[in-house]
file structure.pdb (PDB, C-alpha atoms)
ATOM      1  CA  MET A   1      74.983 -25.775 -21.928
ATOM      2  CA  THR A   2      73.325 -24.235 -18.905
ATOM      3  CA  VAL A   3      69.541 -23.736 -18.967
ATOM      4  CA  THR A   4      68.124 -20.961 -16.800
ATOM      5  CA  LEU A   5      64.570 -21.515 -15.548
ATOM      6  CA  PRO A   6      62.290 -18.499 -15.346
ATOM      7  CA  LYS A   7      61.658 -17.211 -11.845
ATOM      8  CA  LEU A   8      58.156 -18.012 -10.578
ATOM      9  CA  ASP A   9      56.146 -15.227  -8.947
ATOM     10  CA  ALA A  10      54.772 -15.752  -5.488
ATOM     11  CA  VAL A  11      51.212 -16.941  -5.277
ATOM     12  CA  ASP A  12      48.813 -14.069  -4.813
ATOM     13  CA  ALA A  13      47.851 -14.020  -1.151
ATOM     14  CA  GLY A  14      44.551 -12.441  -2.037
ATOM     15  CA  ALA A  15      43.348 -15.717  -3.578
ATOM     16  CA  ASP A  16      42.430 -16.883  -0.091
ATOM     17  CA  ILE A  17      40.174 -13.882   0.270
ATOM     18  CA  SER A  18      38.479 -14.318  -3.046
ATOM     19  CA  GLY A  19      39.388 -15.943  -6.277
ATOM     20  CA  ALA A  20      37.104 -13.434  -7.996
ATOM     21  CA  VAL A  21      37.744 -10.187  -6.155
ATOM     22  CA  GLY A  22      41.494 -10.306  -5.592
ATOM     23  CA  GLN A  23      43.838  -9.044  -2.885
ATOM     24  CA  ALA A  24      43.137  -5.945  -0.834
ATOM     25  CA  SER A  25      45.698  -3.268  -1.483
ATOM     26  CA  ASP A  26      47.683  -2.111   1.526
ATOM     27  CA  GLY A  27      47.081   1.609   1.876
ATOM     28  CA  VAL A  28      44.757   2.001  -1.153
ATOM     29  CA  ARG A  29      41.483   2.831   0.545
ATOM     30  CA  ALA A  30      38.165   2.807  -1.224
ATOM     31  CA  GLY A  31      36.704   6.125  -2.243
ATOM     32  CA  TRP A  32      33.403   7.382  -0.863
ATOM     33  CA  TRP A  33      31.524   7.068  -4.149
ATOM     34  CA  ALA A  34      32.648   3.469  -4.638
ATOM     35  CA  ARG A  35      31.373   2.633  -1.164
ATOM     36  CA  ALA A  36      28.100   4.461  -1.779
ATOM     37  CA  ARG A  37      27.561   2.568  -5.034
ATOM     38  CA  ALA A  38      28.240  -0.754  -3.327
ATOM     39  CA  PHE A  39      25.870   0.107  -0.464
ATOM     40  CA  ALA A  40      23.105   1.059  -2.889
ATOM     41  CA  VAL A  41      23.385  -2.295  -4.659
ATOM     42  CA  ASP A  42      23.628  -4.326  -1.440
ATOM     43  CA  VAL A  43      21.146  -2.515   0.798
ATOM     44  CA  PHE A  44      19.241   0.410  -0.673
ATOM     45  CA  PHE A  45      17.258  -1.312  -3.408
ATOM     46  CA  GLY A  46      16.520  -4.425  -1.365
ATOM     47  CA  THR A  47      15.341  -2.311   1.554
ATOM     48  CA  GLY A  48      12.990  -0.484  -0.810
ATOM     49  CA  VAL A  49      11.407  -3.801  -1.791
ATOM     50  CA  VAL A  50      11.063  -4.865   1.866
ATOM     51  CA  ILE A  51       9.431  -1.566   2.859
ATOM     52  CA  THR A  52       7.036  -1.751  -0.099
ATOM     53  CA  CYS A  53       6.006  -5.281   0.842
ATOM     54  CA  VAL A  54       5.520  -4.335   4.504
ATOM     55  CA  LEU A  55       3.252  -1.436   3.533
ATOM     56  CA  VAL A  56       1.245  -3.693   1.224
ATOM     57  CA  ALA A  57       0.939  -6.311   3.987
ATOM     58  CA  GLN A  58      -0.270  -3.696   6.454
ATOM     59  CA  SER A  59      -2.885  -2.371   4.026
ATOM     60  CA  ALA A  60      -4.000  -5.899   3.146
ATOM     61  CA  SER A  61      -4.377  -6.732   6.843
ATOM     62  CA  ILE A  62      -6.658  -3.730   7.375
ATOM     63  CA  SER A  63      -8.709  -4.710   4.317
ATOM     64  CA  GLY A  64      -8.980  -8.339   5.419
ATOM     65  CA  LEU A  65      -7.056  -9.731   2.423
ATOM     66  CA  GLY A  66      -5.172 -12.537   4.116
ATOM     67  CA  TRP A  67      -3.688 -14.018   0.946
ATOM     68  CA  LEU A  68      -2.180 -10.696  -0.099
ATOM     69  CA  ARG A  69      -0.879 -10.014   3.405
ATOM     70  CA  TRP A  70       0.977 -13.328   3.638
ATOM     71  CA  THR A  71       2.259 -13.079   0.075
ATOM     72  CA  ALA A  72       3.770  -9.660   0.791
ATOM     73  CA  ILE A  73       5.264 -10.891   4.075
ATOM     74  CA  ALA A  74       6.802 -13.925   2.335
ATOM     75  CA  VAL A  75       8.384 -11.778  -0.401
ATOM     76  CA  ALA A  76       9.739  -9.333   2.196
ATOM     77  CA  ALA A  77      11.218 -12.221   4.216
ATOM     78  CA  VAL A  78      12.900 -13.772   1.161
ATOM     79  CA  VAL A  79      14.423 -10.452   0.072
ATOM     80  CA  PHE A  80      15.600  -9.689   3.612
ATOM     81  CA  LEU A  81      17.199 -13.152   3.889
ATOM     82  CA  ALA A  82      18.929 -12.679   0.529
ATOM     83  CA  MET A  83      20.291  -9.321   1.715
ATOM     84  CA  ALA A  84      21.608 -10.927   4.911
ATOM     85  CA  VAL A  85      23.311 -13.738   2.977
ATOM     86  CA  ASN A  86      24.861 -11.222   0.601
ATOM     87  CA  ARG A  87      26.122  -8.956   3.389
ATOM     88  CA  LEU A  88      27.288 -11.566   5.905
ATOM     89  CA  LEU A  89      28.020 -14.904   4.185
ATOM     90  CA  LEU A  90      28.968 -14.078   0.605
ATOM     91  CA  PRO A  91      32.191 -12.224   1.659
ATOM     92  CA  SER A  92      33.404 -15.461   3.269
ATOM     93  CA  ILE A  93      32.806 -17.339   0.008
ATOM     94  CA  THR A  94      33.789 -14.904  -2.749
ATOM     95  CA  GLY A  95      35.584 -12.225  -0.748
ATOM     96  CA  ALA A  96      32.998  -9.446  -1.174
ATOM     97  CA  THR A  97      29.317  -8.712  -1.454
ATOM     98  CA  LEU A  98      27.737  -8.258  -4.855
ATOM     99  CA  GLY A  99      27.886  -4.471  -4.603
ATOM    100  CA  ARG A 100      31.464  -4.388  -3.340
ATOM    101  CA  ALA A 101      32.617  -6.798  -6.033
ATOM    102  CA  LEU A 102      31.011  -4.543  -8.622
ATOM    103  CA  SER A 103      32.789  -1.510  -7.151
ATOM    104  CA  GLY A 104      36.115  -3.366  -6.737
ATOM    105  CA  ILE A 105      36.325  -2.962  -2.964
ATOM    106  CA  VAL A 106      36.494  -5.271   0.034
ATOM    107  CA  VAL A 107      36.067  -4.952   3.817
ATOM    108  CA  VAL A 108      39.066  -6.124   5.814
ATOM    109  CA  SER A 109      40.574  -5.690   9.261
ATOM    110  CA  ARG A 110      43.201  -2.982   9.822
ATOM    111  CA  ASP A 111      46.017  -5.436   9.051
ATOM    112  CA  GLY A 112      44.378  -6.447   5.766
ATOM    113  CA  ALA A 113      43.062  -9.813   6.949
ATOM    114  CA  PRO A 114      39.560 -10.910   5.922
ATOM    115  CA  ILE A 115      36.814 -10.770   8.547
ATOM    116  CA  GLY A 116      34.103 -13.301   9.338
ATOM    117  CA  PRO A 117      30.294 -13.126   9.324
ATOM    118  CA  TRP A 118      29.923 -12.205  13.006
ATOM    119  CA  ARG A 119      32.237  -9.237  12.705
ATOM    120  CA  LEU A 120      30.438  -8.153   9.550
ATOM    121  CA  LEU A 121      27.149  -8.387  11.449
ATOM    122  CA  LEU A 122      28.564  -6.258  14.256
ATOM    123  CA  ARG A 123      29.759  -3.745  11.669
ATOM    124  CA  ASP A 124      26.310  -3.527  10.080
ATOM    125  CA  LEU A 125      24.726  -3.018  13.502
ATOM    126  CA  ALA A 126      27.299  -0.308  14.243
ATOM    127  CA  HIS A 127      26.084   1.495  11.123
ATOM    128  CA  LEU A 128      23.036   2.437  13.224
ATOM    129  CA  LEU A 129      25.357   4.867  15.003
ATOM    130  CA  ASP A 130      26.340   6.336  11.627
ATOM    131  CA  THR A 131      22.641   6.957  10.976
ATOM    132  CA  ALA A 132      21.749   8.129  14.498
ATOM    133  CA  ALA A 133      24.402  10.857  14.324
ATOM    134  CA  LEU A 134      22.310  12.673  11.696
ATOM    135  CA  PHE A 135      24.032  10.575   8.988
ATOM    136  CA  LEU A 136      27.353  12.187   9.883
ATOM    137  CA  GLY A 137      28.966   8.765  10.261
ATOM    138  CA  TRP A 138      28.257   7.938   6.642
ATOM    139  CA  LEU A 139      30.042  11.112   5.540
ATOM    140  CA  TRP A 140      32.971  10.651   7.923
ATOM    141  CA  PRO A 141      35.139   8.863   5.309
ATOM    142  CA  LEU A 142      35.322  12.163   3.430
ATOM    143  CA  TRP A 143      37.474  13.587   6.258
ATOM    144  CA  ASP A 144      38.984  10.548   7.970
ATOM    145  CA  SER A 145      42.592   9.820   7.029
ATOM    146  CA  ARG A 146      41.780   6.130   6.524
ATOM    147  CA  ASN A 147      38.325   6.689   4.957
ATOM    148  CA  ARG A 148      36.449   5.081   7.857
ATOM    149  CA  THR A 149      32.883   5.417   9.043
ATOM    150  CA  PHE A 150      31.990   5.372  12.745
ATOM    151  CA  ALA A 151      31.189   1.657  12.301
ATOM    152  CA  ASP A 152      34.689   1.046  10.934
ATOM    153  CA  LEU A 153      36.202   2.871  13.903
ATOM    154  CA  ILE A 154      34.189   0.764  16.353
ATOM    155  CA  VAL A 155      34.816  -2.627  14.722
ATOM    156  CA  ARG A 156      38.365  -1.713  13.584
ATOM    157  CA  THR A 157      37.781  -2.387   9.894
ATOM    158  CA  GLU A 158      38.673  -0.643   6.659
ATOM    159  CA  VAL A 159      37.349  -0.665   3.119
ATOM    160  CA  ARG A 160      40.076  -1.036   0.506
ATOM    161  CA  ARG A 161      40.342  -1.340  -3.214
ATOM    162  CA  VAL A 162      41.451  -4.675  -4.618
ATOM    163  CA  GLU A 163      44.656  -5.161  -6.588
ATOM    164  CA  ALA A 164      43.242  -7.637  -9.055
ATOM    165  CA  GLU A 165      41.123  -6.449 -11.890
ATOM    166  CA  ARG A 166      37.565  -6.470 -10.672
ATOM    167  CA  PRO A 167      35.304  -9.148 -12.167
ATOM    168  CA  ASP A 168      32.747  -8.460 -14.782
ATOM    169  CA  GLY A 169      29.883  -8.430 -12.286
ATOM    170  CA  ARG A 170      27.836  -5.816 -14.044
ATOM    171  CA  ARG A 171      25.607  -8.410 -15.679
ATOM    172  CA  LEU A 172      24.893 -10.179 -12.378
ATOM    173  CA  ALA A 173      24.356  -6.901 -10.541
ATOM    174  CA  GLY A 174      22.055  -5.716 -13.323
ATOM    175  CA  ALA A 175      20.058  -8.949 -13.116
ATOM    176  CA  VAL A 176      19.692  -8.572  -9.355
ATOM    177  CA  LEU A 177      18.577  -4.952  -9.637
ATOM    178  CA  VAL A 178      16.089  -5.850 -12.369
ATOM    179  CA  ALA A 179      14.726  -8.655 -10.179
ATOM    180  CA  LEU A 180      14.355  -6.258  -7.250
ATOM    181  CA  ALA A 181      12.646  -3.709  -9.477
ATOM    182  CA  VAL A 182      10.233  -6.376 -10.722
ATOM    183  CA  LEU A 183       9.451  -7.453  -7.141
ATOM    184  CA  ALA A 184       8.852  -3.855  -6.061
ATOM    185  CA  ALA A 185       6.635  -3.213  -9.083
ATOM    186  CA  ALA A 186       4.717  -6.447  -8.508
ATOM    187  CA  ALA A 187       4.166  -5.579  -4.830
ATOM    188  CA  SER A 188       3.008  -2.092  -5.789
ATOM    189  CA  LEU A 189       0.597  -3.455  -8.406
ATOM    190  CA  LEU A 190      -0.791  -6.011  -5.951
ATOM    191  CA  GLY A 191      -1.260  -3.244  -3.410
ATOM    192  CA  TYR A 192      -2.989  -1.047  -5.979
ATOM    193  CA  PHE A 193      -5.323  -3.649  -7.460
ATOM    194  CA  GLY A 194      -5.802  -5.654  -4.269
ATOM    195  CA  VAL A 195      -6.164  -2.860  -1.695
ATOM    196  CA  TYR A 196      -6.133   0.705  -2.974
ATOM    197  CA  ARG A 197      -8.417   0.305  -5.978
ATOM    198  CA  PRO A 198     -11.166  -1.624  -4.090
ATOM    199  CA  GLU A 199     -10.998   0.865  -1.215
ATOM    200  CA  LEU A 200     -11.207   3.729  -3.683
ATOM    201  CA  ALA A 201     -14.260   2.109  -5.295
ATOM    202  CA  VAL A 202     -15.933   1.783  -1.875
ATOM    203  CA  GLU A 203     -15.178   5.423  -1.040
ATOM    204  CA  GLN A 204     -16.532   6.590  -4.397
ATOM    205  CA  ALA A 205     -19.661   4.489  -3.849
ATOM    206  CA  ARG A 206     -20.139   6.128  -0.438
ATOM    207  CA  GLU A 207     -19.912   9.593  -1.970
ATOM    208  CA  GLN A 208     -22.364   8.646  -4.722
ATOM    209  CA  ILE A 209     -24.995   7.110  -2.461
ATOM    210  CA  ALA A 210     -24.751   9.982   0.024
ATOM    211  CA  VAL A 211     -26.073  12.225  -2.756
ATOM    212  CA  ARG A 212     -28.209   9.828  -4.786
ATOM    213  CA  GLY A 213     -29.830   7.960  -1.880
ATOM    214  CA  PRO A 214     -31.944  10.849  -0.524
ATOM    215  CA  GLU A 215     -32.989  11.745  -4.074
ATOM    216  CA  LEU A 216     -34.246   8.200  -4.697
ATOM    217  CA  VAL A 217     -36.286   8.181  -1.486
ATOM    218  CA  GLU A 218     -37.892  11.545  -2.265
ATOM    219  CA  GLN A 219     -38.791  10.503  -5.826
ATOM    220  CA  MET A 220     -40.113   7.100  -4.738
ATOM    221  CA  LEU A 221     -42.412   8.427  -2.009
ATOM    222  CA  SER A 222     -43.725  11.622  -3.646
ATOM    223  CA  TYR A 223     -46.591  11.680  -6.159
ATOM    224  CA  ASN A 224     -49.358  13.933  -7.469
ATOM    225  CA  VAL A 225     -52.972  12.907  -7.950
ATOM    226  CA  ALA A 226     -53.034  14.293 -11.497
ATOM    227  CA  THR A 227     -50.007  12.216 -12.502
ATOM    228  CA  THR A 228     -50.427   9.216 -10.212
ATOM    229  CA  ASP A 229     -49.876   6.519 -12.834
ATOM    230  CA  ALA A 230     -46.673   8.118 -14.148
ATOM    231  CA  ASP A 231     -45.397   8.823 -10.623
ATOM    232  CA  PHE A 232     -46.112   5.264  -9.465
ATOM    233  CA  ALA A 233     -44.391   3.863 -12.575
ATOM    234  CA  ARG A 234     -41.392   6.082 -11.852
ATOM    235  CA  ALA A 235     -41.275   4.794  -8.268
ATOM    236  CA  ARG A 236     -41.330   1.165  -9.464
ATOM    237  CA  GLY A 237     -38.359   1.953 -11.728
ATOM    238  CA  LEU A 238     -36.319   3.229  -8.763
ATOM    239  CA  VAL A 239     -36.340  -0.061  -6.841
ATOM    240  CA  THR A 240     -34.781  -3.491  -7.322
ATOM    241  CA  ASP A 241     -36.703  -6.462  -8.689
ATOM    242  CA  GLY A 242     -36.763  -8.014  -5.233
ATOM    243  CA  TYR A 243     -38.326  -4.944  -3.596
ATOM    244  CA  ARG A 244     -40.757  -4.095  -6.435
ATOM    245  CA  PRO A 245     -43.595  -6.390  -5.198
ATOM    246  CA  LYS A 246     -43.610  -4.512  -1.876
ATOM    247  CA  VAL A 247     -43.819  -1.164  -3.686
ATOM    248  CA  LEU A 248     -46.709  -2.444  -5.834
ATOM    249  CA  ALA A 249     -48.563  -3.574  -2.708
ATOM    250  CA  ASP A 250     -48.059  -0.169  -1.046
ATOM    251  CA  GLN A 251     -49.281   1.626  -4.169
ATOM    252  CA  ASP A 252     -52.407  -0.548  -4.349
ATOM    253  CA  ASP A 253     -53.064   0.137  -0.681
ATOM    254  CA  ALA A 254     -52.715   3.885  -1.294
ATOM    255  CA  ARG A 255     -55.292   3.732  -4.080
ATOM    256  CA  LYS A 256     -57.736   1.914  -1.798
ATOM    257  CA  ARG A 257     -57.305   4.469   1.003
ATOM    258  CA  GLY A 258     -57.774   7.350  -1.386
ATOM    259  CA  LEU A 259     -55.105   9.237  -3.242
ATOM    260  CA  ALA A 260     -53.927  12.688  -2.233
ATOM    261  CA  ASN A 261     -51.033  14.854  -3.262
ATOM    262  CA  THR A 262     -48.022  13.601  -1.296
ATOM    263  CA  GLU A 263     -44.597  15.190  -1.113
ATOM    264  CA  TYR A 264     -41.578  14.245   0.956
ATOM    265  CA  TRP A 265     -38.109  15.711   1.267
ATOM    266  CA  VAL A 266     -35.057  14.506   3.126
ATOM    267  CA  VAL A 267     -33.952  16.712   6.010
ATOM    268  CA  ASN A 268     -30.985  14.686   7.174
ATOM    269  CA  SER A 269     -29.230  11.476   6.165
ATOM    270  CA  SER A 270     -26.204   9.378   7.001
ATOM    271  CA  VAL A 271     -24.510   6.437   5.307
ATOM    272  CA  LEU A 272     -24.265   3.641   7.884
ATOM    273  CA  THR A 273     -22.357   1.035   5.899
ATOM    274  CA  ASN A 274     -21.489   0.474   2.297
ATOM    275  CA  THR A 275     -19.549  -1.639  -0.146
ATOM    276  CA  ARG A 276     -18.965  -0.985  -3.813
ATOM    277  CA  ASP A 277     -22.451  -2.308  -4.750
ATOM    278  CA  ARG A 278     -24.557  -2.031  -1.583
ATOM    279  CA  ALA A 279     -25.239   0.626   1.027
ATOM    280  CA  GLU A 280     -27.400   1.264   4.049
ATOM    281  CA  MET A 281     -28.548   4.727   5.094
ATOM    282  CA  LEU A 282     -30.424   6.332   7.955
ATOM    283  CA  ILE A 283     -32.738   9.014   6.557
ATOM    284  CA  PHE A 284     -35.026  11.523   8.277
ATOM    285  CA  ILE A 285     -37.844  12.885   6.107
ATOM    286  CA  LEU A 286     -40.496  15.560   6.405
ATOM    287  CA  GLY A 287     -43.582  15.656   4.233
ATOM    288  CA  GLN A 288     -47.077  16.829   3.649
ATOM    289  CA  ARG A 289     -50.211  15.175   2.297
ATOM    290  CA  GLY A 290     -53.492  16.566   0.976
ATOM    291  CA  GLU A 291     -54.733  19.721  -0.671
ATOM    292  CA  ALA A 292     -53.389  23.176   0.098
ATOM    293  CA  ALA A 293     -56.252  23.973   2.499
ATOM    294  CA  LYS A 294     -55.980  20.679   4.378
ATOM    295  CA  LEU A 295     -52.295  19.779   4.415
ATOM    296  CA  ARG A 296     -51.290  17.150   6.925
ATOM    297  CA  PRO A 297     -47.620  17.274   7.933
ATOM    298  CA  SER A 298     -45.734  14.078   8.504
ATOM    299  CA  SER A 299     -42.233  12.930   9.371
ATOM    300  CA  ALA A 300     -40.407   9.637   9.740
ATOM    301  CA  THR A 301     -37.022   8.104  10.318
ATOM    302  CA  LEU A 302     -36.188   5.509   7.675
ATOM    303  CA  ARG A 303     -33.623   2.803   7.339
ATOM    304  CA  VAL A 304     -33.018   2.312   3.623
ATOM    305  CA  THR A 305     -30.933  -0.299   1.816
ATOM    306  CA  PHE A 306     -29.628   0.438  -1.660
ATOM    307  CA  ALA A 307     -28.155  -1.843  -4.309
ATOM    308  CA  ARG A 308     -26.350  -1.051  -7.530
ATOM    309  CA  SER A 309     -27.891  -2.495 -10.687
ATOM    310  CA  GLY A 310     -26.014  -4.174 -13.507
ATOM    311  CA  SER A 311     -26.004  -0.873 -15.389
ATOM    312  CA  GLY A 312     -24.369   0.879 -12.435
ATOM    313  CA  GLN A 313     -27.498   2.723 -11.221
ATOM    314  CA  TRP A 314     -28.345   2.867  -7.518
ATOM    315  CA  LEU A 315     -31.787   1.456  -6.622
ATOM    316  CA  VAL A 316     -33.787   1.120  -3.401
ATOM    317  CA  ASP A 317     -33.613  -2.491  -2.176
ATOM    318  CA  ASN A 318     -35.513  -2.142   1.090
ATOM    319  CA  LEU A 319     -37.141   0.545   3.207
ATOM    320  CA  SER A 320     -38.277   0.270   6.802
ATOM    321  CA  VAL A 321     -39.780   2.925   9.068
ATOM    322  CA  LEU A 322     -37.999   3.202  12.424
ATOM    323  CA  ALA A 323     -39.994   6.066  13.949
ATOM    324  CA  ARG A 324     -43.160   7.965  13.071
ATOM    325  CA  PRO A 325     -43.426  11.088  15.214
ATOM    326  CA  ASN A 326     -46.314  12.509  13.180
ATOM    327  CA  PRO A 327     -49.248  10.952  11.379
ATOM    328  CA  GLY A 328     -49.554  10.739   7.626
ATOM    329  CA  GLN A 329     -46.126   9.182   7.111
ATOM    330  CA  PRO A 330     -45.440   6.785   4.226
ATOM    331  CA  LYS A 331     -45.806   3.073   4.558
TER     332      LYS A 331
END
call {"tool": "encode", "arguments": {"input": "structure.pdb", "output": "structure tokens"}}
result
Amino acid sequence: MTVTLPKLDAVDAGADISGAVGQASDGVRAGWWARARAFAVDVFFGTGVVITCVLVAQSASISGLGWLRWTAIAVAAVVFLAMAVNRLLLPSITGATLGRALSGIVVVSRDGAPIGPWRLLLRDLAHLLDTAALFLGWLWPLWDSRNRTFADLIVRTEVRRVEAERPDGRRLAGAVLVALAVLAAAASLLGYFGVYRPELAVEQAREQIAVRGPELVEQMLSYNVATTDADFARARGLVTDGYRPKVLADQDDARKRGLANTEYWVVNSSVLTNTRDRAEMLIFILGQRGEAAKLRPSSATLRVTFARSGSGQWLVDNLSVLARPNPGQPK
């Protein structure tokens, strides 16, 4: 009896390209949407993370937050390196990048042979021409007979669909995208809490003290003879514990010299420096002292330091007189 052995099929040549992706089909070029999806997975999302980290690093550098700056730079460098490995080295190992494997496509030379990392690098650099031509190069596959971008024309490459059934890479691609989303969110949160929020607090403090500072100075320096005790007590409540002994000494000195109705008002002011809890202002005041028939005008330029209390109220922490053009000015 004669036994007939079954005929063995030829070994799939695409196995050399990738055991996971399969063999590139001769003449079956990848569609534009498949290429766009692969590019988004390989480049778009990772680039978003890198840009976010660079912006955070720049803001942290301006704010003097060295730890945040170097953390953002390190994350950006790691993501950029991972993108480079995926785009240039992974095709030599598995046959395609993560995004292309997910879309079931592969980049090959015109004769269908796989290409190496250096040619892939040249192709990615040539994509700059696709972008420089008002993004026309990216849309060129919609009209080109072989679905090529300008970069493909320059490097003599094509993007083709694979014959083998594409691998179930959705889970891996999803994990990568989730990881990138988490990194971008983390960088954004670090930028918000480490840079933006403190800067916003400083700006809000500047706006508050620009209004409240002159009011505090006017209330602290003005008093009426009929209500001296209440006015002096109010003044002591507008200063910090550290500055209160100086205010008490000035009030005692005023009693010894003889009390008279005293009123001051701020004509001009400017915030010199400030943080969230401290500020320094330059204030010009005009005032008058005495009874209506014998008013003595006065003026002075003051340098005033303010501090925020534990309850969030602004208080005078120090006051020094820089110039006294007219007599009768406060001490």
call {"tool": "resolve_selection", "arguments": {"input": "structure.pdb", "expression": "the PyMOL selection byres ((chain A and resi 297) around 7)", "output": "list in words"}}
result
Gly287, Gln288, Arg289, Leu295, Arg296, Ser298 and Gly328 of chain A
call {"tool": "closest_residue", "arguments": {"input": "structure.pdb", "among": "A:Gly99, A:Gly46, A:Gly213, A:Pro245", "to": "Phe306 of chain A", "atoms": "all atoms listed in the file"}}
result
A:Gly213
call {"tool": "resolve_selection", "arguments": {"input": "structure.pdb", "expression": "the PyMOL selection byres ((chain A and resi 236) around 10)", "output": "PyMOL selection string"}}
result
chain A and resi 220+230-235+237-241+243-248+251+315-316
call {"tool": "closest_residue", "arguments": {"input": "structure.pdb", "among": "A:Tyr264, A:Ala307, A:Val79, A:Leu302", "to": "Ala179 of chain A", "atoms": "only C-alpha atoms"}}
result
A:Val79
call {"tool": "resolve_selection", "arguments": {"input": "structure.pdb", "expression": "the PyMOL selection byres ((chain A and resi 254) around 12)", "output": "PyMOL selection string"}}
result
chain A and resi 221+223+225+228+232+247-253+255-262+328-331
call {"tool": "write_last_selection", "arguments": {"input": "structure.pdb", "atoms": "C-alpha atoms", "output": "mmCIF file, in the coordinates of the input"}}
result
data_model
loop_
_atom_site.group_PDB
_atom_site.id
_atom_site.type_symbol
_atom_site.label_atom_id
_atom_site.label_comp_id
_atom_site.auth_asym_id
_atom_site.auth_seq_id
_atom_site.Cartn_x
_atom_site.Cartn_y
_atom_site.Cartn_z
ATOM 1 C CA LEU A 221 -42.412 8.427 -2.009
ATOM 2 C CA TYR A 223 -46.591 11.680 -6.159
ATOM 3 C CA VAL A 225 -52.972 12.907 -7.950
ATOM 4 C CA THR A 228 -50.427 9.216 -10.212
ATOM 5 C CA PHE A 232 -46.112 5.264 -9.465
ATOM 6 C CA VAL A 247 -43.819 -1.164 -3.686
ATOM 7 C CA LEU A 248 -46.709 -2.444 -5.834
ATOM 8 C CA ALA A 249 -48.563 -3.574 -2.708
ATOM 9 C CA ASP A 250 -48.059 -0.169 -1.046
ATOM 10 C CA GLN A 251 -49.281 1.626 -4.169
ATOM 11 C CA ASP A 252 -52.407 -0.548 -4.349
ATOM 12 C CA ASP A 253 -53.064 0.137 -0.681
ATOM 13 C CA ARG A 255 -55.292 3.732 -4.080
ATOM 14 C CA LYS A 256 -57.736 1.914 -1.798
ATOM 15 C CA ARG A 257 -57.305 4.469 1.003
ATOM 16 C CA GLY A 258 -57.774 7.350 -1.386
ATOM 17 C CA LEU A 259 -55.105 9.237 -3.242
ATOM 18 C CA ALA A 260 -53.927 12.688 -2.233
ATOM 19 C CA ASN A 261 -51.033 14.854 -3.262
ATOM 20 C CA THR A 262 -48.022 13.601 -1.296
ATOM 21 C CA GLY A 328 -49.554 10.739 7.626
ATOM 22 C CA GLN A 329 -46.126 9.182 7.111
ATOM 23 C CA PRO A 330 -45.440 6.785 4.226
ATOM 24 C CA LYS A 331 -45.806 3.073 4.558
#
call {"tool": "atom_distance", "arguments": {"input": "structure.pdb", "atom1": "atom CA of Gly290 of chain A", "atom2": "atom CA of Val304 of chain A"}}
result
25.1 Å
call {"tool": "residues_around", "arguments": {"input": "structure.pdb", "residues": "Gly116 of chain A", "least_positions_apart": "2", "cutoff": "9 Å", "atoms": "only C-alpha atoms", "output": "list of chain:residue names"}}
result
A:Leu88, A:Leu89, A:Pro91, A:Ser92, A:Pro114, A:Trp118, A:Arg119, A:Leu120, A:Leu121
call {"tool": "closest_residue", "arguments": {"input": "structure.pdb", "among": "A:Leu139, A:Ala151, A:Leu286, A:Leu102", "to": "Ala126 of chain A", "atoms": "only C-alpha atoms"}}
result
A:Ala151
call {"tool": "residues_around", "arguments": {"input": "structure.pdb", "residues": "segment 50-64 of chain A", "least_positions_apart": "2", "cutoff": "9 Å", "atoms": "only C-alpha atoms", "output": "short mmCIF file (atom, residue, chain, number, x, y, z; two decimals) with C-alpha atoms, in the frame of the given file"}}
result
data_model
loop_
_atom_site.label_atom_id
_atom_site.label_comp_id
_atom_site.auth_asym_id
_atom_site.auth_seq_id
_atom_site.Cartn_x
_atom_site.Cartn_y
_atom_site.Cartn_z
CA PHE A 45 17.26 -1.31 -3.41
CA GLY A 46 16.52 -4.42 -1.36
CA THR A 47 15.34 -2.31 1.55
CA GLY A 48 12.99 -0.48 -0.81
CA GLY A 66 -5.17 -12.54 4.12
CA TRP A 67 -3.69 -14.02 0.95
CA LEU A 68 -2.18 -10.70 -0.10
CA ARG A 69 -0.88 -10.01 3.40
CA TRP A 70 0.98 -13.33 3.64
CA THR A 71 2.26 -13.08 0.08
CA ALA A 72 3.77 -9.66 0.79
CA ILE A 73 5.26 -10.89 4.08
CA ALA A 74 6.80 -13.92 2.34
CA VAL A 75 8.38 -11.78 -0.40
CA ALA A 76 9.74 -9.33 2.20
CA ALA A 77 11.22 -12.22 4.22
CA VAL A 79 14.42 -10.45 0.07
CA PHE A 80 15.60 -9.69 3.61
CA LEU A 183 9.45 -7.45 -7.14
CA ALA A 184 8.85 -3.86 -6.06
CA ALA A 187 4.17 -5.58 -4.83
CA SER A 188 3.01 -2.09 -5.79
CA LEU A 190 -0.79 -6.01 -5.95
CA GLY A 191 -1.26 -3.24 -3.41
CA TYR A 192 -2.99 -1.05 -5.98
CA GLY A 194 -5.80 -5.65 -4.27
CA VAL A 195 -6.16 -2.86 -1.70
CA TYR A 196 -6.13 0.70 -2.97
CA GLU A 199 -11.00 0.86 -1.22
#
call {"tool": "axis_aligned_box", "arguments": {"input": "structure.pdb", "around": "segment 40-55 of chain A", "padding_each_side": "6 Å", "output": "AutoDock Vina command-line options"}}
result
--center_x 13.4 --center_y -2.1 --center_z -0.1 --size_x 32.4 --size_y 18.3 --size_z 21.2
call {"tool": "closest_residue", "arguments": {"input": "structure.pdb", "among": "A:Ala101, A:Val49, A:Leu282, A:Val266", "to": "Val162 of chain A", "atoms": "only C-alpha atoms"}}
result
A:Ala101
call {"tool": "atom_distance", "arguments": {"input": "structure.pdb", "atom1": "atom CA of Arg156 of chain A", "atom2": "atom CA of Ser109 of chain A"}}
result
6.3 Å
call {"tool": "closest_residue", "arguments": {"input": "structure.pdb", "among": "A:Ala205, A:Ala323, A:Leu65, A:Val41", "to": "Ala181 of chain A", "atoms": "all atoms listed in the file"}}
result
A:Val41
call {"tool": "closest_residue", "arguments": {"input": "structure.pdb", "among": "A:Ala186, A:Ala175, A:Leu180, A:Ile285", "to": "Val217 of chain A", "atoms": "only C-alpha atoms"}}
result
A:Ile285
